[in-house]
>>> print(open('upload-v2.cif').read())   # mmCIF, C-alpha atoms
data_work
loop_
_atom_site.label_atom_id
_atom_site.label_comp_id
_atom_site.auth_asym_id
_atom_site.auth_seq_id
_atom_site.Cartn_x
_atom_site.Cartn_y
_atom_site.Cartn_z
CA MET A 304 116.19 171.72 108.79
CA GLU A 305 114.78 171.95 105.26
CA LEU A 306 115.75 169.03 103.04
CA ASN A 307 116.06 170.83 99.74
CA ARG A 308 117.43 174.19 100.88
CA PHE A 309 121.11 175.08 100.86
CA VAL A 310 122.63 178.34 102.05
CA LYS A 311 126.38 178.96 102.04
CA ASP A 312 128.02 179.81 105.34
CA GLU A 313 131.22 181.58 106.39
CA TYR A 314 133.21 178.54 107.55
CA PHE A 315 136.59 177.70 106.02
CA LYS A 316 136.31 174.09 104.85
CA ILE A 317 138.71 171.30 103.90
CA ASP A 318 137.14 168.11 102.63
CA CYS A 319 139.37 165.44 104.16
CA GLU A 320 138.30 162.76 101.66
CA ALA A 321 137.59 163.25 97.96
CA HIS A 322 138.33 160.58 95.35
CA LEU A 323 139.38 161.24 91.74
CA TYR A 324 139.49 158.70 88.92
CA GLY A 325 138.82 158.36 85.20
CA ASP A 326 136.42 156.16 83.27
CA VAL A 327 136.26 152.72 84.89
CA GLY A 328 133.59 151.15 82.70
CA HIS A 329 136.22 148.95 81.08
CA LEU A 330 136.65 147.15 84.42
CA HIS A 331 132.99 146.37 85.01
CA TYR A 332 133.20 142.90 83.47
CA PHE A 333 134.99 141.68 86.60
CA LYS A 334 132.50 139.87 88.80
CA TRP A 335 133.69 141.67 91.92
CA HIS A 336 132.94 145.08 90.37
CA GLN A 337 129.45 143.89 89.61
CA GLN A 338 129.12 142.64 93.18
CA GLY A 339 129.98 146.10 94.49
CA ALA A 340 127.46 147.74 92.13
CA LYS A 341 124.72 145.45 93.43
CA ALA A 342 125.56 146.45 96.99
CA ALA A 343 125.32 150.20 96.37
CA PRO A 344 121.48 150.45 96.69
CA GLY A 345 121.78 149.13 100.24
CA ILE A 346 123.99 152.09 101.13
CA THR A 347 121.56 154.50 99.48
CA ARG A 348 118.79 153.00 101.61
CA PHE A 349 120.46 153.06 105.03
CA MET A 350 121.97 156.50 104.43
CA GLY A 351 118.45 157.82 103.84
CA PHE A 352 119.25 159.05 100.33
CA ASP A 353 116.13 157.54 98.77
CA ASP A 354 113.85 160.38 99.88
CA PRO A 355 112.54 162.10 96.70
CA GLU A 356 112.60 165.45 98.51
CA LEU A 357 116.39 165.26 98.71
CA LEU A 358 116.77 164.74 94.98
CA LYS A 359 114.24 167.09 93.42
CA ASP A 360 116.56 170.12 93.08
CA LEU A 361 119.61 168.17 91.91
CA PRO A 362 120.52 167.57 88.25
CA PRO A 363 120.07 163.97 87.11
CA PRO A 364 123.23 161.89 87.69
CA PRO A 365 125.25 160.79 84.66
CA GLU A 366 124.44 157.39 83.23
CA GLY A 367 126.67 154.35 83.58
CA LEU A 368 129.89 154.16 85.57
CA ALA A 369 130.77 157.85 85.63
CA SER A 370 134.31 159.09 86.08
CA SER A 371 135.35 161.50 88.84
CA PRO A 372 137.34 164.26 87.09
CA PRO A 373 138.95 167.12 89.01
CA GLU A 374 136.85 169.75 87.22
CA ALA A 375 133.63 168.20 88.49
CA LEU A 376 134.95 168.31 92.05
CA ILE A 377 136.06 171.95 91.74
CA GLU A 378 132.61 172.88 90.44
CA LEU A 379 130.90 171.29 93.44
CA MET A 380 133.42 172.76 95.88
CA ASP A 381 132.58 176.21 94.52
CA LYS A 382 128.85 175.49 94.63
CA TYR A 383 128.85 174.29 98.24
CA GLY A 384 131.53 176.51 99.72
CA ILE A 385 134.38 174.02 100.16
CA ASP A 386 137.72 175.80 100.00
CA MET A 387 140.12 172.86 99.71
CA ALA A 388 139.97 169.09 99.34
CA CYS A 389 142.38 166.28 100.13
CA VAL A 390 142.29 164.30 96.91
CA ILE A 391 142.88 160.58 97.15
CA ARG A 392 143.34 158.05 94.40
CA GLU A 393 140.75 155.30 94.27
CA ASP A 394 142.52 151.96 94.27
CA VAL A 395 139.83 149.25 94.57
CA SER A 396 142.20 146.97 92.67
CA ILE A 397 140.84 144.05 94.70
CA ALA A 398 137.63 144.41 92.66
CA SER A 399 139.53 143.57 89.47
CA GLY A 400 141.53 140.75 91.01
CA TYR A 401 144.40 143.29 91.32
CA ALA A 402 144.47 143.72 87.54
CA ALA A 403 144.07 147.52 87.68
CA PRO A 404 143.28 150.38 90.08
CA TYR A 405 140.73 153.11 89.40
CA SER A 406 143.44 155.77 89.46
CA THR A 407 147.11 156.33 90.28
CA ASN A 408 149.13 158.75 92.37
CA GLY A 409 150.57 160.18 89.17
CA GLN A 410 147.12 161.13 87.90
CA LEU A 411 146.29 162.88 91.14
CA LEU A 412 149.58 164.76 91.12
CA GLU A 413 148.57 166.19 87.73
CA ALA A 414 145.27 167.36 89.19
CA CYS A 415 147.05 168.97 92.14
CA GLN A 416 149.42 170.77 89.80
CA LYS A 417 146.42 172.15 87.92
CA TYR A 418 144.65 173.33 91.08
CA PRO A 419 147.45 173.86 93.63
CA ASP A 420 145.48 176.25 95.83
CA ARG A 421 142.44 173.97 96.06
CA PHE A 422 143.79 170.39 96.24
CA VAL A 423 145.97 168.65 98.82
CA PHE A 424 147.66 165.52 97.48
CA VAL A 425 147.33 162.33 99.54
CA ALA A 426 149.71 159.47 98.76
CA THR A 427 147.99 156.09 98.69
CA VAL A 428 150.59 153.36 98.17
CA SER A 429 148.26 150.59 99.30
CA PRO A 430 147.82 147.70 99.07
CA VAL A 431 151.29 147.73 100.62
CA LEU A 432 151.52 144.00 101.32
CA LYS A 433 150.13 142.92 97.96
CA ARG A 434 152.53 145.04 95.90
CA GLY A 435 155.47 144.44 98.26
CA MET A 436 156.74 146.59 101.12
CA GLU A 437 159.93 147.62 99.31
CA ASN A 438 158.02 148.91 96.28
CA ALA A 439 155.43 150.74 98.37
CA LEU A 440 157.99 152.43 100.60
CA TRP A 441 160.08 153.50 97.62
CA GLU A 442 157.07 155.23 96.06
CA LEU A 443 156.06 156.84 99.35
CA GLU A 444 159.54 158.24 99.92
CA TYR A 445 159.67 159.54 96.34
CA LEU A 446 156.27 161.25 96.68
CA VAL A 447 157.38 162.97 99.87
CA LYS A 448 160.92 163.98 98.95
CA GLU A 449 160.40 164.75 95.26
CA ARG A 450 156.75 165.86 95.11
CA GLY A 451 156.20 167.48 98.50
CA CYS A 452 153.57 165.07 99.82
CA LYS A 453 152.51 165.58 103.46
CA VAL A 454 149.83 162.90 103.86
CA ALA A 455 149.57 159.14 103.33
CA LYS A 456 146.50 156.92 103.41
CA LEU A 457 146.23 153.28 104.40
CA ILE A 458 143.43 151.15 102.94
CA GLY A 459 142.99 147.80 101.29
CA GLU A 460 145.40 145.73 103.36
CA GLN A 461 144.32 142.15 103.95
CA CYS A 462 145.27 142.27 107.62
CA ARG A 463 144.48 144.21 110.79
CA PHE A 464 146.05 147.59 111.39
CA ASP A 465 148.19 146.19 114.20
CA ASP A 466 149.62 143.34 112.12
CA ARG A 467 153.41 143.44 112.47
CA GLN A 468 153.74 143.09 108.70
CA LEU A 469 152.70 146.75 108.48
CA TRP A 470 155.27 147.99 111.00
CA PRO A 471 157.84 149.02 108.32
CA PHE A 472 155.13 151.16 106.70
CA TYR A 473 154.37 152.96 109.96
CA GLU A 474 158.07 153.40 110.62
CA LYS A 475 158.50 155.07 107.22
CA VAL A 476 155.47 157.32 107.81
CA ARG A 477 157.02 158.38 111.13
CA GLU A 478 160.43 158.91 109.57
CA LEU A 479 158.96 161.11 106.82
CA GLY A 480 156.86 163.12 109.27
CA LEU A 481 153.54 162.40 107.55
CA VAL A 482 149.95 162.67 108.66
CA LEU A 483 148.31 159.24 108.25
CA PHE A 484 144.74 158.79 107.03
CA ILE A 485 143.22 155.36 107.73
CA HIS A 486 139.89 153.92 106.56
CA THR A 487 138.16 152.51 109.65
CA GLY A 488 134.88 150.78 110.48
CA ALA A 489 133.04 148.93 107.72
CA ALA A 490 134.45 148.24 104.27
CA TRP A 491 131.18 149.74 102.91
CA LEU A 492 131.28 147.82 99.61
CA PRO A 493 132.35 144.26 98.78
CA PRO A 494 134.67 142.61 97.93
CA GLN A 495 136.71 144.32 100.67
CA PRO A 496 136.40 142.32 103.92
CA THR A 497 135.13 144.50 106.77
CA LYS A 498 136.96 142.53 109.45
CA TYR A 499 140.28 144.19 108.62
CA TYR A 500 139.00 147.74 109.26
CA HIS A 501 137.93 147.40 112.88
CA PRO A 502 139.35 150.44 114.74
CA GLU A 503 140.53 148.35 117.70
CA GLY A 504 143.69 147.68 115.69
CA LEU A 505 144.59 151.37 116.00
CA ASP A 506 145.14 151.06 119.74
CA GLU A 507 148.47 149.29 119.38
CA VAL A 508 149.50 151.42 116.40
CA ALA A 509 148.85 154.66 118.29
CA THR A 510 150.70 153.28 121.32
CA ASN A 511 153.80 152.35 119.35
CA PHE A 512 153.78 155.35 117.01
CA PRO A 513 152.53 158.29 119.10
CA GLU A 514 154.41 160.74 116.85
CA ILE A 515 152.14 159.95 113.87
CA PRO A 516 148.96 162.04 113.65
CA ILE A 517 146.30 159.45 112.72
CA VAL A 518 143.02 160.50 111.13
CA ALA A 519 140.49 157.65 111.39
CA PHE A 520 137.89 157.89 108.63
CA HIS A 521 134.12 157.41 108.92
CA ALA A 522 134.24 157.74 112.73
CA GLY A 523 134.93 153.99 112.81
CA TRP A 524 131.24 153.32 112.04
CA PRO A 525 129.69 151.00 113.15
CA HIS A 526 132.37 150.64 115.85
CA THR A 527 132.31 154.31 116.83
CA ARG A 528 132.60 153.73 120.56
CA VAL A 529 135.72 151.64 120.18
CA LEU A 530 137.35 154.42 118.16
CA ASN A 531 136.13 157.07 120.59
CA MET A 532 137.78 155.29 123.52
CA ILE A 533 141.04 154.96 121.59
CA ALA A 534 140.93 158.66 120.70
CA ALA A 535 140.22 159.57 124.32
CA THR A 536 143.45 157.92 125.48
CA HIS A 537 145.67 158.59 122.45
CA PRO A 538 146.06 162.31 121.65
CA ASN A 539 147.49 161.51 118.20
CA VAL A 540 144.19 159.93 117.03
CA HIS A 541 141.66 162.15 115.26
CA ILE A 542 138.08 161.25 114.28
CA GLN A 543 136.92 162.03 110.74
CA LEU A 544 133.21 162.24 109.89
CA SER A 545 132.88 161.41 106.18
CA MET A 546 129.71 159.42 105.37
CA ILE A 547 128.40 160.33 108.84
CA LEU A 548 127.44 163.99 108.42
CA PRO A 549 124.53 163.43 105.98
CA TRP A 550 122.74 161.76 108.90
CA CYS A 551 122.53 165.21 110.49
CA ILE A 552 119.68 165.69 108.01
CA THR A 553 118.43 162.20 107.17
CA ILE A 554 118.81 160.48 110.60
CA PRO A 555 119.52 163.34 113.02
CA ARG A 556 119.42 161.50 116.35
CA ARG A 557 121.91 158.91 115.11
CA ALA A 558 124.14 161.75 113.94
CA ALA A 559 123.77 163.54 117.26
CA GLU A 560 124.95 160.49 119.14
CA ILE A 561 127.95 159.90 116.86
CA VAL A 562 129.08 163.53 116.61
CA GLY A 563 128.30 164.33 120.24
CA GLU A 564 130.23 161.33 121.51
CA ALA A 565 133.21 161.99 119.21
CA LEU A 566 133.47 165.51 120.62
CA GLN A 567 133.04 164.21 124.16
CA PHE A 568 135.82 161.64 123.88
CA ALA A 569 138.31 163.25 121.47
CA GLY A 570 137.54 166.90 122.15
CA PRO A 571 136.68 169.62 119.60
CA ASP A 572 140.27 169.94 118.34
CA ARG A 573 140.42 166.36 117.00
CA VAL A 574 137.21 165.96 115.00
CA ILE A 575 137.43 166.52 111.23
CA PHE A 576 135.06 167.17 108.31
CA GLY A 577 134.95 164.99 105.19
CA THR A 578 132.51 163.86 102.51
CA ASP A 579 133.94 160.76 100.73
CA TYR A 580 133.16 162.38 97.37
CA PHE A 581 133.39 159.87 94.51
CA GLY A 582 132.31 161.79 91.41
CA PRO A 583 129.32 163.76 90.10
CA ARG A 584 126.91 161.16 91.47
CA ALA A 585 128.01 162.25 94.94
CA GLU A 586 126.63 165.80 94.79
CA LEU A 587 123.95 164.88 97.31
CA LEU A 588 126.62 163.51 99.62
CA ILE A 589 128.55 166.80 99.48
CA ARG A 590 125.45 168.96 99.93
CA LEU A 591 124.14 167.02 102.91
CA SER A 592 127.57 166.87 104.55
CA VAL A 593 128.05 170.65 104.36
CA GLN A 594 124.47 171.61 105.17
CA GLY A 595 124.24 168.95 107.85
CA LEU A 596 127.17 170.18 109.91
CA SER A 597 126.54 173.87 109.21
CA GLU A 598 122.96 173.81 110.48
CA PHE A 599 123.02 170.94 112.96
CA GLU A 600 122.30 171.29 116.66
CA ILE A 601 122.49 168.46 119.18
CA PRO A 602 119.03 168.14 120.76
CA GLU A 603 118.76 169.53 124.27
CA ASP A 604 117.52 166.23 125.73
CA MET A 605 120.65 164.51 124.40
CA GLN A 606 122.86 167.28 125.78
CA LYS A 607 121.30 166.68 129.20
CA GLY A 608 121.00 162.90 128.98
CA TYR A 609 124.51 162.25 127.63
CA ASN A 610 126.26 165.38 128.93
CA PHE A 611 127.02 166.38 125.32
CA ALA A 612 128.31 169.90 124.78
CA PRO A 613 126.35 172.13 122.38
CA LEU A 614 127.59 172.26 118.81
CA THR A 615 128.64 175.91 118.74
CA SER A 616 129.79 177.89 115.71
CA GLU A 617 133.34 177.80 117.12
CA VAL A 618 133.27 174.00 117.30
CA LYS A 619 131.86 173.80 113.76
CA ARG A 620 134.63 176.11 112.55
CA LYS A 621 137.23 173.74 113.98
CA ILE A 622 135.60 170.64 112.51
CA PHE A 623 135.04 172.15 109.06
CA GLY A 624 138.64 173.16 108.48
CA GLU A 625 140.76 174.56 111.27
CA ASN A 626 141.64 171.21 112.85
CA LEU A 627 142.86 169.64 109.61
CA ALA A 628 144.53 172.87 108.50
CA LYS A 629 146.60 172.82 111.68
CA LEU A 630 147.65 169.19 111.07
CA LEU A 631 148.67 169.96 107.48
CA GLY A 632 150.29 173.33 108.13
CA ILE A 633 147.75 175.16 105.96
CA GLU A 634 146.51 178.70 106.56
CA PRO A 635 142.71 178.47 107.03
CA LYS A 636 141.94 181.13 104.41
CA ARG A 637 138.72 181.17 102.39
CA LYS A 638 139.09 180.51 98.67
CA VAL A 639 135.45 180.56 97.56
CA GLY A 640 132.96 183.38 97.91
CA LEU A 641 130.06 183.29 100.32
#
>>> encode(input="upload-v2.cif", output="structure tokens")
Amino acid sequence: MELNRFVKDEYFKIDCEAHLYGDVGHLHYFKWHQQGAKAAPGITRFMGFDDPELLKDLPPPPEGLASSPPEALIELMDKYGIDMACVIREDVSIASGYAAPYSTNGQLLEACQKYPDRFVFVATVSPVLKRGMENALWELEYLVKERGCKVAKLIGEQCRFDDRQLWPFYEKVRELGLVLFIHTGAAWLPPQPTKYYHPEGLDEVATNFPEIPIVAFHAGWPHTRVLNMIAATHPNVHIQLSMILPWCITIPRRAAEIVGEALQFAGPDRVIFGTDYFGPRAELLIRLSVQGLSEFEIPEDMQKGYNFAPLTSEVKRKIFGENLAKLLGIEPKRKVGL
């Protein structure tokens, strides 16, 4: 697989995770924001993004703390053949001592109104416990009944997923008939504590709320096997691959183990594509995610040694868009040219 070559394919694609927000430079004086910025090079290193070959054909990233406007996302979706994206507000209010989020649901609704055939709105009313359950549930119900929202996301709670304090939230999600996205695995950047995102907490949630389709982000990395086992025994749990798919190019055997095992445990109908786009600086992330899955093949020795099924074009088609389209009631119709 050539590092700096990209060829569009015919797959219908929905990016399950794309974040929009405006200029956040005014928040950088908070020490926790600075802590997160200092941690970012570590992610670049372990993701394998520091290879000069990967960067040579990309435009230089914007300076400073760039915003993530909807137009920039649309441009990259068109460039890399992504038909639709689930757009999610970026809260990260913990990094400002809960003084301010990066973006709001209202801002994302405006973006979705501007690009209704390309964006799917995701309601993020977290941190539910910090703002108060009554306030969060009021906003969630409003966004569903008045603005047509079909998806909610849970992130940023200072407790495990199976903490009974969150039960009213799950009950409301069930009542409203929503798909639930949940950030699982590592927190990725401080000051969020990783301990609250361990996927083992989903076991009890999926048991008590089997009617809720749960999409677990980042394949639960680095606890992928825990999530895989939960998905194997709970048919309402789906595995999402954002931040994992670039490894198909940069660390292919690691990717083969994660993707192959997810398909083995959850089955090809419950594995979902995503990028975790966070603005123009994330063009490499989008390119590697699309190219990685489109061109990837699980090595034959791993197919034999682990009994992994081959990654066929039909399986890729399901992962890229058909699985999520079915959950969201969307017709998997191409919106960008090949």
>>> closest_residue(input="upload-v2.cif", among="A:Met380, A:Ile346, A:Met605, A:Ile542", to="Ala489 (chain A)", atoms="all atoms listed in the file")
A:Ile346
>>> residues_around(input="upload-v2.cif", residues="Gln495 (chain A)", least_positions_apart="5", cutoff="8 Å", atoms="only C-alpha atoms", output="list in words")
Ile397, Gly459 and Ala490 of chain A
>>> residues_around(input="upload-v2.cif", residues="Pro471 (chain A)", least_positions_apart="2", cutoff="12 Å", atoms="only C-alpha atoms", output="ChimeraX atom specification")
/A:431-432,435-437,439-441,465-469,473-478,508,512
>>> residues_around(input="upload-v2.cif", residues="region 414-417 of chain A", least_positions_apart="6", cutoff="12 Å", atoms="all atoms listed in the file", output="ChimeraX atom specification")
/A:322-325,371-377,387-392,406-408,423-426,450-452
>>> residues_around(input="upload-v2.cif", residues="Ala402 (chain A)", least_positions_apart="6", cutoff="10 Å", atoms="only C-alpha atoms", output="list in words")
Leu330, Phe333 and Ser396 of chain A
>>> resolve_selection(input="upload-v2.cif", expression="the PyMOL selection byres ((chain A and resi 555) around 12)", output="mmCIF file with C-alpha atoms, keeping the file's coordinate frame")
data_model
loop_
_atom_site.group_PDB
_atom_site.id
_atom_site.type_symbol
_atom_site.label_atom_id
_atom_site.label_comp_id
_atom_site.auth_asym_id
_atom_site.auth_seq_id
_atom_site.Cartn_x
_atom_site.Cartn_y
_atom_site.Cartn_z
ATOM 1 C CA MET A 304 116.190 171.720 108.790
ATOM 2 C CA MET A 350 121.970 156.500 104.430
ATOM 3 C CA GLY A 351 118.450 157.820 103.840
ATOM 4 C CA ILE A 547 128.400 160.330 108.840
ATOM 5 C CA LEU A 548 127.440 163.990 108.420
ATOM 6 C CA PRO A 549 124.530 163.430 105.980
ATOM 7 C CA TRP A 550 122.740 161.760 108.900
ATOM 8 C CA CYS A 551 122.530 165.210 110.490
ATOM 9 C CA ILE A 552 119.680 165.690 108.010
ATOM 10 C CA THR A 553 118.430 162.200 107.170
ATOM 11 C CA ILE A 554 118.810 160.480 110.600
ATOM 12 C CA ARG A 556 119.420 161.500 116.350
ATOM 13 C CA ARG A 557 121.910 158.910 115.110
ATOM 14 C CA ALA A 558 124.140 161.750 113.940
ATOM 15 C CA ALA A 559 123.770 163.540 117.260
ATOM 16 C CA GLU A 560 124.950 160.490 119.140
ATOM 17 C CA ILE A 561 127.950 159.900 116.860
ATOM 18 C CA VAL A 562 129.080 163.530 116.610
ATOM 19 C CA GLY A 563 128.300 164.330 120.240
ATOM 20 C CA LEU A 591 124.140 167.020 102.910
ATOM 21 C CA GLY A 595 124.240 168.950 107.850
ATOM 22 C CA LEU A 596 127.170 170.180 109.910
ATOM 23 C CA GLU A 598 122.960 173.810 110.480
ATOM 24 C CA PHE A 599 123.020 170.940 112.960
ATOM 25 C CA GLU A 600 122.300 171.290 116.660
ATOM 26 C CA ILE A 601 122.490 168.460 119.180
ATOM 27 C CA PRO A 602 119.030 168.140 120.760
ATOM 28 C CA MET A 605 120.650 164.510 124.400
#
>>> closest_residue(input="upload-v2.cif", among="A:Phe484, A:Tyr499, A:Phe520, A:Phe611", to="Met546 (chain A)", atoms="only C-alpha atoms")
A:Phe520
>>> closest_residue(input="upload-v2.cif", among="A:Gly339, A:Pro613, A:Pro430, A:Ser545", to="Ile589 (chain A)", atoms="only C-alpha atoms")
A:Ser545
>>> closest_residue(input="upload-v2.cif", among="A:Thr487, A:Thr497, A:Ser370, A:Ser429", to="Lys456 (chain A)", atoms="all atoms listed in the file")
A:Ser429
>>> residues_around(input="upload-v2.cif", residues="Ala535 (chain A)", least_positions_apart="3", cutoff="12 Å", atoms="all atoms listed in the file", output="number ranges by chain")
A: 506, 509, 528-532, 538-542, 564-574
>>> write_last_selection(input="upload-v2.cif", atoms="C-alpha atoms", output="PDB file, in the frame of the given file")
ATOM      1  CA  ASP A 506     145.140 151.060 119.740  1.00  0.00           C
ATOM      2  CA  ALA A 509     148.850 154.660 118.290  1.00  0.00           C
ATOM      3  CA  ARG A 528     132.600 153.730 120.560  1.00  0.00           C
ATOM      4  CA  VAL A 529     135.720 151.640 120.180  1.00  0.00           C
ATOM      5  CA  LEU A 530     137.350 154.420 118.160  1.00  0.00           C
ATOM      6  CA  ASN A 531     136.130 157.070 120.590  1.00  0.00           C
ATOM      7  CA  MET A 532     137.780 155.290 123.520  1.00  0.00           C
ATOM      8  CA  PRO A 538     146.060 162.310 121.650  1.00  0.00           C
ATOM      9  CA  ASN A 539     147.490 161.510 118.200  1.00  0.00           C
ATOM     10  CA  VAL A 540     144.190 159.930 117.030  1.00  0.00           C
ATOM     11  CA  HIS A 541     141.660 162.150 115.260  1.00  0.00           C
ATOM     12  CA  ILE A 542     138.080 161.250 114.280  1.00  0.00           C
ATOM     13  CA  GLU A 564     130.230 161.330 121.510  1.00  0.00           C
ATOM     14  CA  ALA A 565     133.210 161.990 119.210  1.00  0.00           C
ATOM     15  CA  LEU A 566     133.470 165.510 120.620  1.00  0.00           C
ATOM     16  CA  GLN A 567     133.040 164.210 124.160  1.00  0.00           C
ATOM     17  CA  PHE A 568     135.820 161.640 123.880  1.00  0.00           C
ATOM     18  CA  ALA A 569     138.310 163.250 121.470  1.00  0.00           C
ATOM     19  CA  GLY A 570     137.540 166.900 122.150  1.00  0.00           C
ATOM     20  CA  PRO A 571     136.680 169.620 119.600  1.00  0.00           C
ATOM     21  CA  ASP A 572     140.270 169.940 118.340  1.00  0.00           C
ATOM     22  CA  ARG A 573     140.420 166.360 117.000  1.00  0.00           C
ATOM     23  CA  VAL A 574     137.210 165.960 115.000  1.00  0.00           C
TER      24      VAL A 574
END
>>> closest_residue(input="upload-v2.cif", among="A:Lys382, A:Lys316, A:His537, A:His329", to="Leu587 (chain A)", atoms="only C-alpha atoms")
A:Lys382
>>> closest_residue(input="upload-v2.cif", among="A:Thr510, A:Asn626, A:Thr615, A:Gln337", to="Ala534 (chain A)", atoms="all atoms listed in the file")
A:Thr510
>>> atom_distance(input="upload-v2.cif", atom1="CA of Leu457 (chain A)", atom2="CA of Tyr401 (chain A)")
16.6 Å
>>> resolve_selection(input="upload-v2.cif", expression="the PyMOL selection byres ((chain A and resi 314) around 10)", output="PyMOL selection string")
chain A and resi 311-313+315-317+384-386+593+597+616-617+619-625+635-637+641
